[in-house]
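Next comes final22.pdb, a file with PDB, C-alpha atoms.
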```pdb
ATOM      1  CA  MET A 178     -59.010 100.715 -33.501
ATOM      2  CA  SER A 179     -61.426  99.692 -30.776
ATOM      3  CA  THR A 180     -60.987  99.643 -27.049
ATOM      4  CA  VAL A 181     -62.414  97.109 -24.653
ATOM      5  CA  ALA A 182     -64.092  98.634 -21.624
ATOM      6  CA  THR A 183     -63.320  96.912 -18.335
ATOM      7  CA  THR A 184     -65.598  97.081 -15.381
ATOM      8  CA  ASP A 185     -65.056  95.877 -11.832
ATOM      9  CA  PRO A 186     -67.063  92.816 -10.904
ATOM     10  CA  VAL A 187     -70.181  93.637  -8.973
ATOM     11  CA  LEU A 188     -70.148  91.983  -5.562
ATOM     12  CA  THR A 189     -73.287  90.894  -3.873
ATOM     13  CA  PRO A 190     -73.870  92.015  -0.279
ATOM     14  CA  ARG A 191     -73.131  88.471   0.915
ATOM     15  CA  GLN A 192     -69.747  88.397  -0.921
ATOM     16  CA  SER A 193     -68.704  91.827   0.346
ATOM     17  CA  THR A 194     -69.633  90.808   3.894
ATOM     18  CA  ALA A 195     -67.554  87.611   3.569
ATOM     19  CA  ILE A 196     -64.534  89.547   2.258
ATOM     20  CA  SER A 197     -64.704  92.129   5.045
ATOM     21  CA  LEU A 198     -65.087  89.377   7.655
ATOM     22  CA  ARG A 199     -62.072  87.548   6.217
ATOM     23  CA  GLY A 200     -60.030  90.758   6.343
ATOM     24  CA  ARG A 201     -60.973  91.364   9.970
ATOM     25  CA  LEU A 202     -60.013  87.781  10.844
ATOM     26  CA  GLN A 203     -56.646  88.155   9.123
ATOM     27  CA  ASP A 204     -55.991  91.353  11.054
ATOM     28  CA  ALA A 205     -57.070  89.773  14.330
ATOM     29  CA  LEU A 206     -55.205  86.476  13.869
ATOM     30  CA  PRO A 207     -51.842  87.697  15.299
ATOM     31  CA  LYS A 208     -53.645  89.125  18.333
ATOM     32  CA  ILE A 209     -55.557  85.880  18.839
ATOM     33  CA  VAL A 210     -52.329  83.841  18.654
ATOM     34  CA  LEU A 211     -50.455  86.122  21.062
ATOM     35  CA  ALA A 212     -53.337  86.613  23.499
ATOM     36  CA  PRO A 213     -52.762  83.429  25.594
ATOM     37  CA  SER A 214     -49.054  84.181  26.058
ATOM     38  CA  PHE A 215     -49.851  87.796  26.888
ATOM     39  CA  VAL A 216     -52.471  86.822  29.488
ATOM     40  CA  ILE A 217     -50.187  84.194  31.062
ATOM     41  CA  THR A 218     -47.323  86.712  31.268
ATOM     42  CA  ILE A 219     -49.573  89.338  32.846
ATOM     43  CA  ILE A 220     -50.851  86.891  35.475
ATOM     44  CA  PHE A 221     -47.810  84.791  36.324
ATOM     45  CA  VAL A 222     -45.107  87.480  36.025
ATOM     46  CA  TYR A 223     -46.500  90.910  36.733
ATOM     47  CA  GLY A 224     -49.453  89.631  38.752
ATOM     48  CA  PHE A 225     -47.190  87.745  41.150
ATOM     49  CA  ILE A 226     -44.839  90.728  41.369
ATOM     50  CA  VAL A 227     -47.759  92.812  42.619
ATOM     51  CA  TRP A 228     -48.830  89.962  44.919
ATOM     52  CA  THR A 229     -45.330  89.676  46.402
ATOM     53  CA  ALA A 230     -45.166  93.432  46.939
ATOM     54  CA  TYR A 231     -48.520  93.256  48.762
ATOM     55  CA  LEU A 232     -47.344  90.397  50.994
ATOM     56  CA  SER A 233     -44.242  92.394  51.928
ATOM     57  CA  PHE A 234     -46.534  94.828  53.756
ATOM     58  CA  THR A 235     -48.252  92.052  55.728
ATOM     59  CA  ASN A 236     -47.265  89.784  58.610
ATOM     60  CA  SER A 237     -46.586  86.857  56.261
ATOM     61  CA  LYS A 238     -43.944  84.307  57.199
ATOM     62  CA  THR A 239     -44.016  80.719  55.897
ATOM     63  CA  PHE A 240     -47.615  81.072  54.706
ATOM     64  CA  PRO A 241     -49.438  84.186  53.471
ATOM     65  CA  SER A 242     -51.017  86.438  56.035
ATOM     66  CA  TYR A 243     -53.359  89.256  55.162
ATOM     67  CA  ALA A 244     -52.869  91.394  58.281
ATOM     68  CA  LEU A 245     -51.245  94.587  57.036
ATOM     69  CA  THR A 246     -48.292  95.781  59.111
ATOM     70  CA  GLY A 247     -47.052  98.634  56.941
ATOM     71  CA  ALA A 248     -43.349  98.989  56.228
ATOM     72  CA  ARG A 249     -42.265  97.075  59.358
ATOM     73  CA  ALA A 250     -40.572  94.335  57.317
ATOM     74  CA  TYR A 251     -38.555  96.900  55.354
ATOM     75  CA  GLN A 252     -37.494  98.614  58.575
ATOM     76  CA  ARG A 253     -36.222  95.302  59.986
ATOM     77  CA  LEU A 254     -34.446  94.577  56.705
ATOM     78  CA  TRP A 255     -32.778  98.015  56.763
ATOM     79  CA  ARG A 256     -31.537  97.564  60.346
ATOM     80  CA  TRP A 257     -30.345  94.018  59.638
ATOM     81  CA  THR A 258     -28.551  95.104  56.449
ATOM     82  CA  PHE A 259     -26.876  98.372  57.376
ATOM     83  CA  GLU A 260     -26.873  98.579  61.170
ATOM     84  CA  SER A 261     -25.803  95.085  62.237
ATOM     85  CA  ASP A 262     -22.255  94.422  63.408
ATOM     86  CA  PRO A 263     -20.693  92.338  61.922
ATOM     87  CA  PRO A 264     -22.303  93.004  58.516
ATOM     88  CA  SER A 265     -25.180  90.683  57.698
ATOM     89  CA  SER A 266     -25.134  88.128  54.903
ATOM     90  CA  TRP A 267     -27.714  90.267  53.072
ATOM     91  CA  TYR A 268     -25.307  93.216  53.032
ATOM     92  CA  THR A 269     -22.547  90.946  51.723
ATOM     93  CA  SER A 270     -24.849  89.650  48.993
ATOM     94  CA  ILE A 271     -25.783  93.184  47.906
ATOM     95  CA  THR A 272     -22.121  94.202  47.800
ATOM     96  CA  ASN A 273     -21.140  91.151  45.770
ATOM     97  CA  MET A 274     -24.034  91.680  43.366
ATOM     98  CA  ALA A 275     -23.002  95.323  42.830
ATOM     99  CA  ILE A 276     -19.381  94.336  42.178
ATOM    100  CA  PHE A 277     -20.382  91.527  39.836
ATOM    101  CA  GLY A 278     -22.943  93.601  37.926
ATOM    102  CA  PHE A 279     -20.637  96.578  37.406
ATOM    103  CA  LEU A 280     -17.587  94.555  36.330
ATOM    104  CA  TYR A 281     -19.509  91.943  34.347
ATOM    105  CA  VAL A 282     -21.502  94.416  32.269
ATOM    106  CA  GLY A 283     -18.612  96.866  31.850
ATOM    107  CA  ILE A 284     -15.961  94.324  30.844
ATOM    108  CA  CYS A 285     -18.342  92.431  28.535
ATOM    109  CA  LEU A 286     -19.244  95.647  26.716
ATOM    110  CA  VAL A 287     -15.651  96.814  26.345
ATOM    111  CA  LEU A 288     -14.237  93.424  25.392
ATOM    112  CA  GLY A 289     -17.154  92.579  23.101
ATOM    113  CA  LEU A 290     -16.859  95.916  21.291
ATOM    114  CA  PHE A 291     -13.095  95.470  20.916
ATOM    115  CA  LEU A 292     -13.487  91.991  19.412
ATOM    116  CA  ALA A 293     -16.278  93.187  17.112
ATOM    117  CA  ILE A 294     -14.161  96.064  15.807
ATOM    118  CA  LEU A 295     -11.256  93.648  15.331
ATOM    119  CA  LEU A 296     -13.342  91.180  13.302
ATOM    120  CA  ASP A 297     -14.980  93.984  11.343
ATOM    121  CA  GLN A 298     -11.601  94.736   9.757
ATOM    122  CA  LYS A 299     -12.009  91.634   7.545
ATOM    123  CA  ILE A 300      -8.983  90.005   9.142
ATOM    124  CA  ARG A 301      -7.708  86.662   7.921
ATOM    125  CA  GLY A 302      -9.186  83.723   9.786
ATOM    126  CA  GLU A 303     -12.384  85.502  10.794
ATOM    127  CA  SER A 304     -14.453  82.420   9.978
ATOM    128  CA  VAL A 305     -12.354  80.464  12.501
ATOM    129  CA  LEU A 306     -12.172  83.113  15.227
ATOM    130  CA  ARG A 307     -15.880  83.895  15.292
ATOM    131  CA  PRO A 308     -17.002  80.367  16.310
ATOM    132  CA  ILE A 309     -14.198  80.238  18.888
ATOM    133  CA  PHE A 310     -15.448  83.439  20.525
ATOM    134  CA  LEU A 311     -19.052  82.208  20.413
ATOM    135  CA  TYR A 312     -18.283  78.691  21.666
ATOM    136  CA  PRO A 313     -18.576  79.534  25.405
ATOM    137  CA  MET A 314     -22.222  80.497  24.876
ATOM    138  CA  ALA A 315     -22.923  76.918  23.743
ATOM    139  CA  LEU A 316     -21.854  75.563  27.138
ATOM    140  CA  SER A 317     -24.242  75.332  30.051
ATOM    141  CA  PHE A 318     -23.627  77.385  33.182
ATOM    142  CA  ILE A 319     -23.021  74.189  35.153
ATOM    143  CA  VAL A 320     -20.247  73.055  32.809
ATOM    144  CA  THR A 321     -18.712  76.537  32.832
ATOM    145  CA  GLY A 322     -18.809  76.730  36.622
ATOM    146  CA  VAL A 323     -17.219  73.312  37.149
ATOM    147  CA  ALA A 324     -14.523  73.929  34.517
ATOM    148  CA  TRP A 325     -13.525  77.288  36.011
ATOM    149  CA  LYS A 326     -13.593  75.838  39.518
ATOM    150  CA  TRP A 327     -11.074  73.204  38.460
ATOM    151  CA  PHE A 328      -8.995  75.735  36.520
ATOM    152  CA  LEU A 329      -8.794  78.227  39.400
ATOM    153  CA  ASP A 330      -8.382  75.698  42.221
ATOM    154  CA  PRO A 331      -4.810  76.104  43.552
ATOM    155  CA  GLY A 332      -4.490  72.364  44.029
ATOM    156  CA  LEU A 333      -5.693  71.378  40.558
ATOM    157  CA  GLY A 334      -5.575  74.114  37.965
ATOM    158  CA  LEU A 335      -3.461  77.066  36.921
ATOM    159  CA  GLU A 336      -1.345  77.417  40.052
ATOM    160  CA  GLN A 337      -0.534  73.714  40.268
ATOM    161  CA  THR A 338       0.330  73.563  36.554
ATOM    162  CA  LEU A 339       2.782  76.466  36.789
ATOM    163  CA  HIS A 340       4.349  74.889  39.874
ATOM    164  CA  HIS A 341       4.988  71.742  37.826
ATOM    165  CA  PHE A 342       6.795  73.885  35.255
ATOM    166  CA  GLY A 343       9.075  75.263  37.976
ATOM    167  CA  TRP A 344       7.383  78.605  38.764
ATOM    168  CA  THR A 345       6.874  77.783  42.429
ATOM    169  CA  SER A 346       6.534  81.415  43.488
ATOM    170  CA  PHE A 347       3.282  81.844  41.520
ATOM    171  CA  HIS A 348       0.157  81.947  43.676
ATOM    172  CA  PHE A 349      -3.409  82.457  42.546
ATOM    173  CA  ASP A 350      -5.855  81.467  45.269
ATOM    174  CA  TRP A 351      -8.680  83.936  44.571
ATOM    175  CA  ILE A 352     -11.281  81.184  44.481
ATOM    176  CA  LYS A 353     -10.503  80.356  48.118
ATOM    177  CA  ASN A 354     -10.089  83.945  49.290
ATOM    178  CA  LYS A 355     -13.344  85.459  50.580
ATOM    179  CA  ASP A 356     -12.248  88.941  49.479
ATOM    180  CA  PHE A 357     -11.490  87.939  45.876
ATOM    181  CA  VAL A 358     -13.798  85.013  45.110
ATOM    182  CA  ILE A 359     -16.399  87.337  43.547
ATOM    183  CA  TYR A 360     -13.805  88.371  40.957
ATOM    184  CA  THR A 361     -13.358  84.742  39.867
ATOM    185  CA  VAL A 362     -17.099  84.656  39.208
ATOM    186  CA  VAL A 363     -16.686  87.795  37.094
ATOM    187  CA  ILE A 364     -13.884  86.131  35.097
ATOM    188  CA  ALA A 365     -16.043  83.093  34.356
ATOM    189  CA  GLY A 366     -19.056  85.218  33.443
ATOM    190  CA  VAL A 367     -17.092  87.500  31.127
ATOM    191  CA  TRP A 368     -15.500  84.513  29.390
ATOM    192  CA  GLN A 369     -18.917  83.047  28.646
ATOM    193  CA  ALA A 370     -20.822  86.197  27.624
ATOM    194  CA  SER A 371     -18.285  88.425  25.855
ATOM    195  CA  GLY A 372     -18.556  86.402  22.615
ATOM    196  CA  PHE A 373     -22.305  86.968  22.490
ATOM    197  CA  VAL A 374     -21.828  90.696  23.062
ATOM    198  CA  MET A 375     -19.238  90.664  20.275
ATOM    199  CA  ALA A 376     -21.765  89.048  17.911
ATOM    200  CA  MET A 377     -24.352  91.735  18.633
ATOM    201  CA  PHE A 378     -21.861  94.556  18.139
ATOM    202  CA  LEU A 379     -20.521  92.921  14.980
ATOM    203  CA  ALA A 380     -24.027  92.635  13.529
ATOM    204  CA  GLY A 381     -24.538  96.328  14.212
ATOM    205  CA  LEU A 382     -21.225  97.311  12.664
ATOM    206  CA  ARG A 383     -21.874  95.186   9.568
ATOM    207  CA  GLY A 384     -25.261  96.835   9.205
ATOM    208  CA  ILE A 385     -23.792 100.353   8.951
ATOM    209  CA  ASP A 386     -23.774 101.684   5.423
ATOM    210  CA  GLY A 387     -20.230 102.268   4.204
TER     211      GLY A 387
END
```

Could you quickly redo this structure as structure tokens?
Amino acid sequence: MSTVATTDPVLTPRQSTAISLRGRLQDALPKIVLAPSFVITIIFVYGFIVWTAYLSFTNSKTFPSYALTGARAYQRLWRWTFESDPPSSWYTSITNMAIFGFLYVGICLVLGLFLAILLDQKIRGESVLRPIFLYPMALSFIVTGVAWKWFLDPGLGLEQTLHHFGWTSFHFDWIKNKDFVIYTVVIAGVWQASGFVMAMFLAGLRGIDG
């Protein structure tokens, strides 16, 4: 019985150089492809953030000014926000943003997790319920805003419909009440985003080993 000896092919210096160059190009290709997007993001996102922060310490108004004035603009903003009477529109905007952010994120997480746990039980009709919950994400924000405006308008939507059915004592005018209108925005936002949160939670639950 004879054995056949195998030997690796001998590469010339030119072939080994070409192979190493090809390997370096393959390793560098993802970096080359991503480099333009990375540079554009650095310049037009983070670069302009730094530029805006610099201008906030100058005397800039409509056009940029390079005369540094320190934190004078922030001092004026603080007095206008927290020391003006009646409260400024900036203070109202901050308050509304805090209310919206807290309720929107909290309710979406709780409701999305609840729906994900419900669908993870392999309930009947899951294939029908899942697209229904995800459907609001397919709508644009403009369509969602107009639809909820009509639905919550006392003269057009829910209140008027219930009045037609004889429940004349029902009133729901949050969309026209300055103290409650932010909560109608929360309702619309939760309706649109909770299905997406459910999908993310459901993907995580389905990925857990039994």

Give me, as a Markdown table, the closest atom pair and its distance (Å, one decimal) for every residue of region 241-316 of chain A within a cut-off of 12 Å of region 351-362 of chain A, counting all atoms listed in the file, rows sorted by chain and rising number.
```
| residue | atom | partner | partner_atom | distance |
| --- | --- | --- | --- | --- |
| A:Thr269 | CA | A:Asp356 | CA | 10.7 |
| A:Ser270 | CA | A:Ile359 | CA | 10.3 |
| A:Ile271 | CA | A:Ile359 | CA | 11.9 |
| A:Thr272 | CA | A:Ile359 | CA | 9.9 |
| A:Asn273 | CA | A:Ile359 | CA | 6.5 |
| A:Met274 | CA | A:Ile359 | CA | 8.8 |
| A:Ala275 | CA | A:Ile359 | CA | 10.4 |
| A:Ile276 | CA | A:Ile359 | CA | 7.7 |
| A:Phe277 | CA | A:Ile359 | CA | 6.9 |
| A:Gly278 | CA | A:Ile359 | CA | 10.7 |
| A:Phe279 | CA | A:Tyr360 | CA | 11.3 |
| A:Leu280 | CA | A:Tyr360 | CA | 8.6 |
| A:Tyr281 | CA | A:Val362 | CA | 9.1 |
| A:Ile284 | CA | A:Tyr360 | CA | 11.9 |
```

Exercise for the section: Can you work out the spacing between CA of Lys208 (chain A) and CA of Phe221 (chain A) in Å, to one decimal? Expected result: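 So the two atoms, CA of Lys208 (chain A) and CA of Phe221 (chain A), lie 19.4 Å apart.
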
Neighbour list for Gly247 (chain A) as a PDB file with C-alpha atoms, in the frame of the given file, cut-off 10 Å, only C-alpha atoms, skip fewer than 6 positions in-chain:
```pdb
ATOM      1  CA  TYR A 231     -48.520  93.256  48.762  1.00  0.00           C
ATOM      2  CA  SER A 233     -44.242  92.394  51.928  1.00  0.00           C
ATOM      3  CA  PHE A 234     -46.534  94.828  53.756  1.00  0.00           C
ATOM      4  CA  THR A 235     -48.252  92.052  55.728  1.00  0.00           C
ATOM      5  CA  ASN A 236     -47.265  89.784  58.610  1.00  0.00           C
TER       6      ASN A 236
END
```

Exercise for the section: Apply the PyMOL selection byres ((chain A and resi 378) around 9) to the displayed file and report the matching residues as a ChimeraX atom specification. Expected result: /A:289-290,292-294,373-377,379-383

Problem - CA of Trp368 (chain A) to CA of Trp325 (chain A), distance in Å rounded to a single decimal - result: 10.0 Å

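The interatomic distance for the pair CA of Asp330 (chain A) and CA of Ile364 (chain A) works out to 13.8 Å.
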
Practice task
Compare A:Gln203, A:Thr258, A:Thr246, A:Thr345 by their minimum atom-to-atom distance to Pro331 (chain A), counting all atoms listed in the file, and give me the closest one.
Solution key: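 Looking only at the distances to Pro331 (chain A), the closest residue turns out to be A:Thr345.
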
Problem - A:Tyr312, A:Trp327, A:Phe347, A:Phe318 ranked by distance to Ser371 (chain A), top pick (using only C-alpha atoms) - result: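 Checking each of A:Tyr312, A:Trp327, A:Phe347, A:Phe318 against Ser371 (chain A), counting only C-alpha atoms, the winner is A:Tyr312.
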
Problem - Pick from A:Asp297, A:Gly332, A:Ser197, A:Gly283, whichever lies nearest to Ile385 (chain A) using all atoms listed in the file - result: A:Asp297
